[in-house]
file start.pdb (PDB, N, CA, C and O atoms)
ATOM      1  N   MET A  50      -2.781   4.315  -2.133
ATOM      2  CA  MET A  50      -2.172   4.135  -3.433
ATOM      3  C   MET A  50      -2.198   2.657  -3.863
ATOM      4  O   MET A  50      -2.407   2.362  -5.032
ATOM      5  N   VAL A  51      -1.973   1.767  -2.907
ATOM      6  CA  VAL A  51      -1.995   0.337  -3.203
ATOM      7  C   VAL A  51      -3.398  -0.090  -3.622
ATOM      8  O   VAL A  51      -3.560  -0.878  -4.557
ATOM      9  N   PHE A  52      -4.411   0.434  -2.948
ATOM     10  CA  PHE A  52      -5.785   0.062  -3.293
ATOM     11  C   PHE A  52      -6.150   0.549  -4.694
ATOM     12  O   PHE A  52      -6.832  -0.157  -5.433
ATOM     13  N   LEU A  53      -5.703   1.724  -5.071
ATOM     14  CA  LEU A  53      -5.948   2.236  -6.422
ATOM     15  C   LEU A  53      -5.290   1.324  -7.455
ATOM     16  O   LEU A  53      -5.891   0.986  -8.478
ATOM     17  N   TYR A  54      -4.063   0.919  -7.179
ATOM     18  CA  TYR A  54      -3.347  -0.013  -8.056
ATOM     19  C   TYR A  54      -4.146  -1.302  -8.241
ATOM     20  O   TYR A  54      -4.329  -1.782  -9.362
ATOM     21  N   LEU A  55      -4.624  -1.861  -7.128
ATOM     22  CA  LEU A  55      -5.375  -3.116  -7.194
ATOM     23  C   LEU A  55      -6.705  -2.950  -7.924
ATOM     24  O   LEU A  55      -7.114  -3.835  -8.680
ATOM     25  N   ILE A  56      -7.364  -1.836  -7.715
ATOM     26  CA  ILE A  56      -8.625  -1.581  -8.423
ATOM     27  C   ILE A  56      -8.379  -1.512  -9.923
ATOM     28  O   ILE A  56      -9.102  -2.140 -10.709
ATOM     29  N   ILE A  57      -7.351  -0.786 -10.314
ATOM     30  CA  ILE A  57      -7.034  -0.652 -11.746
ATOM     31  C   ILE A  57      -6.657  -2.000 -12.343
ATOM     32  O   ILE A  57      -7.133  -2.369 -13.423
ATOM     33  N   LEU A  58      -5.818  -2.776 -11.649
ATOM     34  CA  LEU A  58      -5.406  -4.085 -12.171
ATOM     35  C   LEU A  58      -6.583  -5.045 -12.282
ATOM     36  O   LEU A  58      -6.661  -5.823 -13.230
ATOM     37  N   ASN A  59      -7.516  -4.967 -11.348
ATOM     38  CA  ASN A  59      -8.678  -5.855 -11.419
ATOM     39  C   ASN A  59      -9.625  -5.450 -12.540
ATOM     40  O   ASN A  59     -10.234  -6.310 -13.177
ATOM     41  N   ILE A  60      -9.743  -4.171 -12.807
ATOM     42  CA  ILE A  60     -10.528  -3.718 -13.960
ATOM     43  C   ILE A  60      -9.865  -4.199 -15.251
ATOM     44  O   ILE A  60     -10.538  -4.675 -16.166
ATOM     45  N   ILE A  61      -8.544  -4.105 -15.295
ATOM     46  CA  ILE A  61      -7.809  -4.601 -16.460
ATOM     47  C   ILE A  61      -8.007  -6.110 -16.596
ATOM     48  O   ILE A  61      -8.224  -6.623 -17.699
ATOM     49  N   GLY A  62      -7.952  -6.853 -15.489
ATOM     50  CA  GLY A  62      -8.169  -8.299 -15.514
ATOM     51  C   GLY A  62      -9.535  -8.654 -16.072
ATOM     52  O   GLY A  62      -9.671  -9.568 -16.894
ATOM     53  N   LEU A  63     -10.550  -7.933 -15.632
ATOM     54  CA  LEU A  63     -11.903  -8.144 -16.140
ATOM     55  C   LEU A  63     -11.965  -7.845 -17.636
ATOM     56  O   LEU A  63     -12.519  -8.623 -18.414
ATOM     57  N   PHE A  64     -11.352  -6.740 -18.038
ATOM     58  CA  PHE A  64     -11.377  -6.330 -19.436
ATOM     59  C   PHE A  64     -10.638  -7.302 -20.350
ATOM     60  O   PHE A  64     -11.117  -7.619 -21.440
ATOM     61  N   VAL A  65      -9.462  -7.801 -19.923
ATOM     62  CA  VAL A  65      -8.715  -8.707 -20.810
ATOM     63  C   VAL A  65      -9.441 -10.037 -20.987
ATOM     64  O   VAL A  65      -9.360 -10.646 -22.047
ATOM     65  N   MET A  66     -10.181 -10.465 -19.968
ATOM     66  CA  MET A  66     -10.974 -11.686 -20.131
ATOM     67  C   MET A  66     -12.103 -11.445 -21.133
ATOM     68  O   MET A  66     -12.378 -12.293 -21.975
ATOM     69  N   TYR A  67     -12.735 -10.280 -21.047
ATOM     70  CA  TYR A  67     -13.774  -9.931 -22.024
ATOM     71  C   TYR A  67     -13.179  -9.858 -23.427
ATOM     72  O   TYR A  67     -13.719 -10.416 -24.376
ATOM     73  N   LEU A  68     -12.055  -9.157 -23.552
ATOM     74  CA  LEU A  68     -11.435  -8.953 -24.854
ATOM     75  C   LEU A  68     -11.004 -10.278 -25.480
ATOM     76  O   LEU A  68     -11.217 -10.512 -26.677
ATOM     77  N   ASP A  69     -10.421 -11.169 -24.678
ATOM     78  CA  ASP A  69      -9.996 -12.453 -25.220
ATOM     79  C   ASP A  69     -11.196 -13.291 -25.645
ATOM     80  O   ASP A  69     -11.156 -13.973 -26.672
ATOM     81  N   LYS A  70     -12.282 -13.238 -24.892
ATOM     82  CA  LYS A  70     -13.505 -13.954 -25.280
ATOM     83  C   LYS A  70     -14.056 -13.380 -26.583
ATOM     84  O   LYS A  70     -14.457 -14.117 -27.481
ATOM     85  N   TYR A  71     -14.077 -12.057 -26.694
ATOM     86  CA  TYR A  71     -14.550 -11.397 -27.917
ATOM     87  C   TYR A  71     -13.711 -11.843 -29.116
ATOM     88  O   TYR A  71     -14.234 -12.189 -30.165
ATOM     89  N   LYS A  72     -12.388 -11.840 -28.925
ATOM     90  CA  LYS A  72     -11.495 -12.229 -30.015
ATOM     91  C   LYS A  72     -11.674 -13.704 -30.377
ATOM     92  O   LYS A  72     -11.585 -14.071 -31.541
ATOM     93  N   ALA A  73     -11.943 -14.531 -29.397
ATOM     94  CA  ALA A  73     -12.172 -15.956 -29.677
ATOM     95  C   ALA A  73     -13.434 -16.140 -30.506
ATOM     96  O   ALA A  73     -13.444 -16.930 -31.456
ATOM     97  N   LYS A  74     -14.482 -15.414 -30.168
ATOM     98  CA  LYS A  74     -15.744 -15.528 -30.905
ATOM     99  C   LYS A  74     -15.607 -15.044 -32.346
ATOM    100  O   LYS A  74     -16.253 -15.555 -33.248
ATOM    101  N   HIS A  75     -14.768 -14.029 -32.552
ATOM    102  CA  HIS A  75     -14.618 -13.430 -33.874
ATOM    103  C   HIS A  75     -13.378 -13.919 -34.616
ATOM    104  O   HIS A  75     -12.976 -13.318 -35.621
ATOM    105  N   ARG A  76     -12.809 -15.003 -34.123
ATOM    106  CA  ARG A  76     -11.662 -15.647 -34.760
ATOM    107  C   ARG A  76     -10.523 -14.667 -35.070
ATOM    108  O   ARG A  76      -9.959 -14.654 -36.150
ATOM    109  N   GLN A  77     -10.211 -13.845 -34.077
ATOM    110  CA  GLN A  77      -9.119 -12.883 -34.202
ATOM    111  C   GLN A  77      -7.919 -13.379 -33.404
ATOM    112  O   GLN A  77      -8.006 -14.336 -32.638
ATOM    113  N   TYR A  78      -6.808 -12.679 -33.569
ATOM    114  CA  TYR A  78      -5.598 -12.991 -32.816
ATOM    115  C   TYR A  78      -5.892 -12.841 -31.331
ATOM    116  O   TYR A  78      -6.426 -11.828 -30.900
ATOM    117  N   ARG A  79      -5.554 -13.855 -30.541
ATOM    118  CA  ARG A  79      -5.933 -13.931 -29.132
ATOM    119  C   ARG A  79      -4.858 -13.378 -28.209
ATOM    120  O   ARG A  79      -3.700 -13.268 -28.564
ATOM    121  N   ILE A  80      -5.268 -13.081 -26.998
ATOM    122  CA  ILE A  80      -4.350 -12.696 -25.931
ATOM    123  C   ILE A  80      -3.754 -13.994 -25.392
ATOM    124  O   ILE A  80      -4.479 -14.943 -25.099
ATOM    125  N   SER A  81      -2.448 -14.032 -25.240
ATOM    126  CA  SER A  81      -1.793 -15.262 -24.800
ATOM    127  C   SER A  81      -2.167 -15.582 -23.351
ATOM    128  O   SER A  81      -2.438 -14.685 -22.542
ATOM    129  N   GLU A  82      -2.169 -16.870 -23.040
ATOM    130  CA  GLU A  82      -2.477 -17.287 -21.679
ATOM    131  C   GLU A  82      -1.465 -16.738 -20.693
ATOM    132  O   GLU A  82      -1.815 -16.395 -19.568
ATOM    133  N   SER A  83      -0.219 -16.607 -21.115
ATOM    134  CA  SER A  83       0.796 -16.060 -20.207
ATOM    135  C   SER A  83       0.494 -14.609 -19.850
ATOM    136  O   SER A  83       0.727 -14.186 -18.715
ATOM    137  N   LYS A  84      -0.051 -13.845 -20.782
ATOM    138  CA  LYS A  84      -0.411 -12.453 -20.475
ATOM    139  C   LYS A  84      -1.626 -12.403 -19.547
ATOM    140  O   LYS A  84      -1.687 -11.542 -18.663
ATOM    141  N   LEU A  85      -2.565 -13.309 -19.733
ATOM    142  CA  LEU A  85      -3.698 -13.372 -18.811
ATOM    143  C   LEU A  85      -3.206 -13.686 -17.395
ATOM    144  O   LEU A  85      -3.658 -13.082 -16.421
ATOM    145  N   TRP A  86      -2.260 -14.600 -17.298
ATOM    146  CA  TRP A  86      -1.695 -14.946 -15.993
ATOM    147  C   TRP A  86      -0.894 -13.799 -15.391
ATOM    148  O   TRP A  86      -0.923 -13.593 -14.168
ATOM    149  N   LEU A  87      -0.172 -13.054 -16.218
ATOM    150  CA  LEU A  87       0.600 -11.914 -15.698
ATOM    151  C   LEU A  87      -0.311 -10.864 -15.070
ATOM    152  O   LEU A  87      -0.011 -10.350 -13.988
ATOM    153  N   VAL A  88      -1.401 -10.554 -15.740
ATOM    154  CA  VAL A  88      -2.356  -9.581 -15.185
ATOM    155  C   VAL A  88      -2.887 -10.090 -13.849
ATOM    156  O   VAL A  88      -2.943  -9.351 -12.864
ATOM    157  N   ALA A  89      -3.251 -11.364 -13.805
ATOM    158  CA  ALA A  89      -3.776 -11.951 -12.568
ATOM    159  C   ALA A  89      -2.715 -11.968 -11.478
ATOM    160  O   ALA A  89      -2.986 -11.588 -10.329
ATOM    161  N   PHE A  90      -1.508 -12.356 -11.806
ATOM    162  CA  PHE A  90      -0.437 -12.477 -10.820
ATOM    163  C   PHE A  90      -0.083 -11.133 -10.184
ATOM    164  O   PHE A  90       0.157 -11.053  -8.985
ATOM    165  N   PHE A  91      -0.054 -10.089 -10.983
ATOM    166  CA  PHE A  91       0.359  -8.785 -10.467
ATOM    167  C   PHE A  91      -0.768  -7.991  -9.822
ATOM    168  O   PHE A  91      -0.629  -6.797  -9.596
ATOM    169  N   GLY A  92      -1.874  -8.644  -9.502
ATOM    170  CA  GLY A  92      -2.915  -7.988  -8.723
ATOM    171  C   GLY A  92      -4.299  -8.051  -9.312
ATOM    172  O   GLY A  92      -5.250  -7.625  -8.662
ATOM    173  N   GLY A  93      -4.463  -8.582 -10.510
ATOM    174  CA  GLY A  93      -5.763  -8.580 -11.151
ATOM    175  C   GLY A  93      -6.495  -9.907 -11.095
ATOM    176  O   GLY A  93      -7.388 -10.169 -11.903
ATOM    177  N   ALA A  94      -6.166 -10.754 -10.129
ATOM    178  CA  ALA A  94      -6.762 -12.094 -10.067
ATOM    179  C   ALA A  94      -8.258 -12.056  -9.777
ATOM    180  O   ALA A  94      -9.019 -12.840 -10.352
ATOM    181  N   LEU A  95      -8.679 -11.166  -8.921
ATOM    182  CA  LEU A  95     -10.107 -11.096  -8.602
ATOM    183  C   LEU A  95     -10.915 -10.661  -9.824
ATOM    184  O   LEU A  95     -11.935 -11.271 -10.147
ATOM    185  N   GLY A  96     -10.455  -9.639 -10.530
ATOM    186  CA  GLY A  96     -11.126  -9.191 -11.751
ATOM    187  C   GLY A  96     -11.086 -10.235 -12.848
ATOM    188  O   GLY A  96     -12.061 -10.438 -13.573
ATOM    189  N   SER A  97      -9.964 -10.935 -12.952
ATOM    190  CA  SER A  97      -9.843 -11.996 -13.956
ATOM    191  C   SER A  97     -10.787 -13.150 -13.646
ATOM    192  O   SER A  97     -11.402 -13.713 -14.557
ATOM    193  N   THR A  98     -10.905 -13.489 -12.379
ATOM    194  CA  THR A  98     -11.827 -14.551 -11.971
ATOM    195  C   THR A  98     -13.265 -14.146 -12.265
ATOM    196  O   THR A  98     -14.051 -14.941 -12.808
ATOM    197  N   LEU A  99     -13.602 -12.928 -11.919
ATOM    198  CA  LEU A  99     -14.946 -12.426 -12.196
ATOM    199  C   LEU A  99     -15.220 -12.441 -13.706
ATOM    200  O   LEU A  99     -16.274 -12.895 -14.143
ATOM    201  N   GLY A 100     -14.262 -11.982 -14.493
ATOM    202  CA  GLY A 100     -14.403 -11.988 -15.951
ATOM    203  C   GLY A 100     -14.527 -13.384 -16.518
ATOM    204  O   GLY A 100     -15.300 -13.623 -17.451
ATOM    205  N   MET A 101     -13.789 -14.308 -15.943
ATOM    206  CA  MET A 101     -13.850 -15.694 -16.404
ATOM    207  C   MET A 101     -15.274 -16.235 -16.255
ATOM    208  O   MET A 101     -15.791 -16.898 -17.154
ATOM    209  N   HIS A 102     -15.915 -15.917 -15.142
ATOM    210  CA  HIS A 102     -17.269 -16.422 -14.910
ATOM    211  C   HIS A 102     -18.325 -15.603 -15.641
ATOM    212  O   HIS A 102     -19.276 -16.170 -16.183
ATOM    213  N   LEU A 103     -18.182 -14.302 -15.667
ATOM    214  CA  LEU A 103     -19.163 -13.448 -16.354
ATOM    215  C   LEU A 103     -19.237 -13.742 -17.843
ATOM    216  O   LEU A 103     -20.319 -13.783 -18.424
ATOM    217  N   PHE A 104     -18.073 -13.920 -18.455
ATOM    218  CA  PHE A 104     -18.007 -14.102 -19.898
ATOM    219  C   PHE A 104     -17.869 -15.572 -20.294
ATOM    220  O   PHE A 104     -17.712 -15.880 -21.471
ATOM    221  N   ARG A 105     -17.913 -16.469 -19.319
ATOM    222  CA  ARG A 105     -17.760 -17.913 -19.544
ATOM    223  C   ARG A 105     -16.560 -18.200 -20.433
ATOM    224  O   ARG A 105     -16.651 -18.836 -21.489
ATOM    225  N   HIS A 106     -15.427 -17.697 -19.968
ATOM    226  CA  HIS A 106     -14.196 -17.812 -20.746
ATOM    227  C   HIS A 106     -13.126 -18.509 -19.925
ATOM    228  O   HIS A 106     -12.873 -18.135 -18.786
ATOM    229  N   LYS A 107     -12.526 -19.520 -20.481
ATOM    230  CA  LYS A 107     -11.473 -20.326 -19.861
ATOM    231  C   LYS A 107     -11.996 -21.165 -18.696
ATOM    232  O   LYS A 107     -11.216 -21.636 -17.880
ATOM    233  N   THR A 108     -13.290 -21.363 -18.610
ATOM    234  CA  THR A 108     -13.857 -22.109 -17.492
ATOM    235  C   THR A 108     -13.635 -23.606 -17.592
ATOM    236  O   THR A 108     -13.798 -24.320 -16.606
ATOM    237  N   LYS A 109     -13.259 -24.100 -18.757
ATOM    238  CA  LYS A 109     -12.969 -25.528 -18.915
ATOM    239  C   LYS A 109     -11.494 -25.839 -18.676
ATOM    240  O   LYS A 109     -11.116 -27.002 -18.610
ATOM    241  N   HIS A 110     -10.686 -24.807 -18.552
ATOM    242  CA  HIS A 110      -9.256 -24.980 -18.299
ATOM    243  C   HIS A 110      -9.041 -25.029 -16.790
ATOM    244  O   HIS A 110      -9.221 -24.037 -16.097
ATOM    245  N   ILE A 111      -8.636 -26.181 -16.285
ATOM    246  CA  ILE A 111      -8.529 -26.389 -14.847
ATOM    247  C   ILE A 111      -7.519 -25.438 -14.205
ATOM    248  O   ILE A 111      -7.726 -24.991 -13.077
ATOM    249  N   ASN A 112      -6.447 -25.089 -14.943
ATOM    250  CA  ASN A 112      -5.452 -24.184 -14.360
ATOM    251  C   ASN A 112      -6.022 -22.781 -14.158
ATOM    252  O   ASN A 112      -5.674 -22.099 -13.198
ATOM    253  N   PHE A 113      -6.933 -22.351 -15.009
ATOM    254  CA  PHE A 113      -7.601 -21.067 -14.815
ATOM    255  C   PHE A 113      -8.725 -21.193 -13.791
ATOM    256  O   PHE A 113      -8.890 -20.338 -12.930
ATOM    257  N   LYS A 114      -9.489 -22.257 -13.913
ATOM    258  CA  LYS A 114     -10.655 -22.470 -13.049
ATOM    259  C   LYS A 114     -10.265 -22.536 -11.573
ATOM    260  O   LYS A 114     -10.987 -22.047 -10.710
ATOM    261  N   LEU A 115      -9.116 -23.128 -11.280
ATOM    262  CA  LEU A 115      -8.639 -23.201  -9.903
ATOM    263  C   LEU A 115      -7.607 -22.133  -9.586
ATOM    264  O   LEU A 115      -7.599 -21.578  -8.482
ATOM    265  N   GLY A 116      -6.748 -21.851 -10.539
ATOM    266  CA  GLY A 116      -5.628 -20.945 -10.292
ATOM    267  C   GLY A 116      -6.030 -19.511 -10.032
ATOM    268  O   GLY A 116      -5.525 -18.877  -9.081
ATOM    269  N   PHE A 117      -6.927 -18.960 -10.835
ATOM    270  CA  PHE A 117      -7.340 -17.569 -10.644
ATOM    271  C   PHE A 117      -8.007 -17.352  -9.283
ATOM    272  O   PHE A 117      -7.632 -16.421  -8.565
ATOM    273  N   PRO A 118      -8.969 -18.200  -8.885
ATOM    274  CA  PRO A 118      -9.572 -17.982  -7.566
ATOM    275  C   PRO A 118      -8.586 -18.157  -6.408
ATOM    276  O   PRO A 118      -8.633 -17.401  -5.438
ATOM    277  N   ILE A 119      -7.685 -19.133  -6.519
ATOM    278  CA  ILE A 119      -6.680 -19.320  -5.463
ATOM    279  C   ILE A 119      -5.782 -18.097  -5.369
ATOM    280  O   ILE A 119      -5.467 -17.609  -4.282
ATOM    281  N   LEU A 120      -5.374 -17.586  -6.511
ATOM    282  CA  LEU A 120      -4.544 -16.388  -6.544
ATOM    283  C   LEU A 120      -5.303 -15.179  -5.986
ATOM    284  O   LEU A 120      -4.734 -14.372  -5.254
ATOM    285  N   ALA A 121      -6.580 -15.074  -6.287
ATOM    286  CA  ALA A 121      -7.397 -13.977  -5.762
ATOM    287  C   ALA A 121      -7.487 -14.060  -4.239
ATOM    288  O   ALA A 121      -7.351 -13.040  -3.544
ATOM    289  N   ILE A 122      -7.692 -15.260  -3.710
ATOM    290  CA  ILE A 122      -7.745 -15.434  -2.248
ATOM    291  C   ILE A 122      -6.408 -15.072  -1.623
ATOM    292  O   ILE A 122      -6.360 -14.411  -0.573
ATOM    293  N   LEU A 123      -5.326 -15.462  -2.261
ATOM    294  CA  LEU A 123      -3.992 -15.111  -1.771
ATOM    295  C   LEU A 123      -3.797 -13.602  -1.753
ATOM    296  O   LEU A 123      -3.295 -13.039  -0.762
ATOM    297  N   HIS A 124      -4.212 -12.913  -2.808
ATOM    298  CA  HIS A 124      -4.087 -11.459  -2.861
ATOM    299  C   HIS A 124      -4.913 -10.800  -1.758
ATOM    300  O   HIS A 124      -4.445  -9.854  -1.105
ATOM    301  N   ILE A 125      -6.133 -11.275  -1.558
ATOM    302  CA  ILE A 125      -6.989 -10.722  -0.511
ATOM    303  C   ILE A 125      -6.352 -10.936   0.858
ATOM    304  O   ILE A 125      -6.345 -10.023   1.697
ATOM    305  N   ALA A 126      -5.794 -12.114   1.092
ATOM    306  CA  ALA A 126      -5.142 -12.404   2.368
ATOM    307  C   ALA A 126      -3.937 -11.499   2.593
ATOM    308  O   ALA A 126      -3.742 -10.978   3.706
ATOM    309  N   ILE A 127      -3.144 -11.282   1.559
ATOM    310  CA  ILE A 127      -1.975 -10.402   1.684
ATOM    311  C   ILE A 127      -2.407  -8.985   2.026
ATOM    312  O   ILE A 127      -1.846  -8.357   2.931
ATOM    313  N   VAL A 128      -3.392  -8.474   1.313
ATOM    314  CA  VAL A 128      -3.892  -7.118   1.587
ATOM    315  C   VAL A 128      -4.441  -7.047   3.008
ATOM    316  O   VAL A 128      -4.164  -6.090   3.743
ATOM    317  N   PHE A 129      -5.190  -8.043   3.406
ATOM    318  CA  PHE A 129      -5.767  -8.070   4.753
ATOM    319  C   PHE A 129      -4.665  -8.008   5.812
ATOM    320  O   PHE A 129      -4.721  -7.189   6.728
ATOM    321  N   PHE A 130      -3.660  -8.872   5.700
ATOM    322  CA  PHE A 130      -2.629  -8.931   6.714
ATOM    323  C   PHE A 130      -1.701  -7.719   6.687
ATOM    324  O   PHE A 130      -1.220  -7.287   7.747
ATOM    325  N   LEU A 131      -1.461  -7.144   5.535
ATOM    326  CA  LEU A 131      -0.583  -5.963   5.461
ATOM    327  C   LEU A 131      -1.268  -4.701   5.952
ATOM    328  O   LEU A 131      -0.627  -3.838   6.571
ATOM    329  N   PHE A 132      -2.547  -4.556   5.664
ATOM    330  CA  PHE A 132      -3.214  -3.285   5.953
ATOM    331  C   PHE A 132      -4.251  -3.343   7.067
ATOM    332  O   PHE A 132      -4.560  -2.312   7.654
ATOM    333  N   LEU A 133      -4.750  -4.519   7.350
ATOM    334  CA  LEU A 133      -5.810  -4.596   8.346
ATOM    335  C   LEU A 133      -5.438  -5.483   9.533
ATOM    336  O   LEU A 133      -6.126  -5.484  10.539
ATOM    337  N   GLY A 134      -4.378  -6.261   9.395
ATOM    338  CA  GLY A 134      -4.028  -7.231  10.413
ATOM    339  C   GLY A 134      -3.066  -6.784  11.403
ATOM    340  O   GLY A 134      -2.604  -5.979  11.947
TER     341      GLY A 134
END
call {"tool": "encode", "arguments": {"input": "start.pdb", "output": "structure tokens"}}
result
Amino acid sequence: MVFLYLIILNIIGLFVMYLDKYKAKHRQYRISESKLWLVAFFGGALGSTLGMHLFRHKTKHINFKLGFPILAILHIAIVFFLFLG
């Protein structure tokens, strides 16, 4: 059940990065940075990191460029130690 949750959150993380990039290109109302961080914090950091690089979005923001990957590594470590360690 936990793995399903993480898969869904990472898909959402990937999607919100795409959606925010799309909205930025089309000068529409954007997704707030705090909402991007919430998705990443609650389990979608790996998908958000992947989306950041795939869509070249938020890559100039140092807090995203470093924060999302660090958070993704932390999530992977937690899952590893809880379920495999």
call {"tool": "residues_around", "arguments": {"input": "start.pdb", "residues": "region 54-65 of chain A", "least_positions_apart": "2", "cutoff": "4.5 Å", "atoms": "only N, CA, C and O atoms", "output": "NGL selection string"}}
result
:A and (50-52 or 67-69 or 92-93 or 96-97)
call {"tool": "closest_residue", "arguments": {"input": "start.pdb", "among": "A:Phe132, A:Glu82, A:Phe113, A:Arg76", "to": "Thr98 (chain A)", "atoms": "only N, CA, C and O atoms"}}
result
A:Phe113
call {"tool": "select_by_dssp", "arguments": {"input": "start.pdb", "residues": "chain A", "states": "helix (DSSP H, G or I)", "output": "ChimeraX atom specification"}}
result
/A:51-74,82-103,111-133
call {"tool": "residues_around", "arguments": {"input": "start.pdb", "residues": "region 116-125 of chain A", "least_positions_apart": "3", "cutoff": "6 Å", "atoms": "only N, CA, C and O atoms", "output": "count of residues only"}}
result
9
call {"tool": "atom_distance", "arguments": {"input": "start.pdb", "atom1": "CA of Lys70 (chain A)", "atom2": "atom O of Phe90 (chain A)"}}
result
21.5 Å
call {"tool": "atom_distance", "arguments": {"input": "start.pdb", "atom1": "CA of Val88 (chain A)", "atom2": "CA of Ala73 (chain A)"}}
result
18.6 Å
call {"tool": "atom_distance", "arguments": {"input": "start.pdb", "atom1": "CA of Leu53 (chain A)", "atom2": "atom C of Lys84 (chain A)"}}
result
20.1 Å
call {"tool": "axis_aligned_box", "arguments": {"input": "start.pdb", "around": "region 71-85 of chain A", "padding_each_side": "4 Å", "output": "lines of an AutoDock Vina configuration file"}}
result
center_x = -7.7
center_y = -14.3
center_z = -26.3
size_x = 25.0
size_y = 13.9
size_z = 27.7
call {"tool": "build_atoms", "arguments": {"input": "start.pdb", "residues": "region 96-102 of chain A", "atoms": "all heavy atoms", "output": "compact mmCIF listing (two decimals), keeping the file's coordinate frame"}}
result
# COMPACT_ATOMS: atom_id res chain seq x y z
N GLY A 96 -10.46 -9.64 -10.53
CA GLY A 96 -11.13 -9.19 -11.75
C GLY A 96 -11.09 -10.24 -12.85
O GLY A 96 -12.06 -10.44 -13.57
N SER A 97 -9.96 -10.94 -12.95
CA SER A 97 -9.84 -12.00 -13.96
C SER A 97 -10.79 -13.15 -13.65
O SER A 97 -11.40 -13.71 -14.56
CB SER A 97 -8.40 -12.51 -14.02
OG SER A 97 -7.53 -11.49 -14.44
N THR A 98 -10.90 -13.49 -12.38
CA THR A 98 -11.83 -14.55 -11.97
C THR A 98 -13.26 -14.15 -12.26
O THR A 98 -14.05 -14.94 -12.81
CB THR A 98 -11.66 -14.86 -10.47
OG1 THR A 98 -10.32 -15.26 -10.22
CG2 THR A 98 -12.59 -15.98 -10.04
N LEU A 99 -13.60 -12.93 -11.92
CA LEU A 99 -14.95 -12.43 -12.20
C LEU A 99 -15.22 -12.44 -13.71
O LEU A 99 -16.27 -12.90 -14.14
CB LEU A 99 -15.11 -11.01 -11.64
CG LEU A 99 -16.46 -10.35 -11.84
CD1 LEU A 99 -17.55 -11.14 -11.12
CD2 LEU A 99 -16.42 -8.92 -11.33
N GLY A 100 -14.26 -11.98 -14.49
CA GLY A 100 -14.40 -11.99 -15.95
C GLY A 100 -14.53 -13.38 -16.52
O GLY A 100 -15.30 -13.62 -17.45
N MET A 101 -13.79 -14.31 -15.94
CA MET A 101 -13.85 -15.69 -16.40
C MET A 101 -15.27 -16.24 -16.26
O MET A 101 -15.79 -16.90 -17.15
CB MET A 101 -12.87 -16.55 -15.59
CG MET A 101 -12.85 -18.01 -15.95
SD MET A 101 -11.62 -18.96 -15.03
CE MET A 101 -12.16 -18.73 -13.35
N HIS A 102 -15.92 -15.92 -15.14
CA HIS A 102 -17.27 -16.42 -14.91
C HIS A 102 -18.32 -15.60 -15.64
O HIS A 102 -19.28 -16.17 -16.18
CB HIS A 102 -17.56 -16.48 -13.41
CG HIS A 102 -16.75 -17.53 -12.72
ND1 HIS A 102 -16.98 -18.87 -12.89
CD2 HIS A 102 -15.69 -17.43 -11.88
CE1 HIS A 102 -16.11 -19.57 -12.19
NE2 HIS A 102 -15.31 -18.71 -11.56
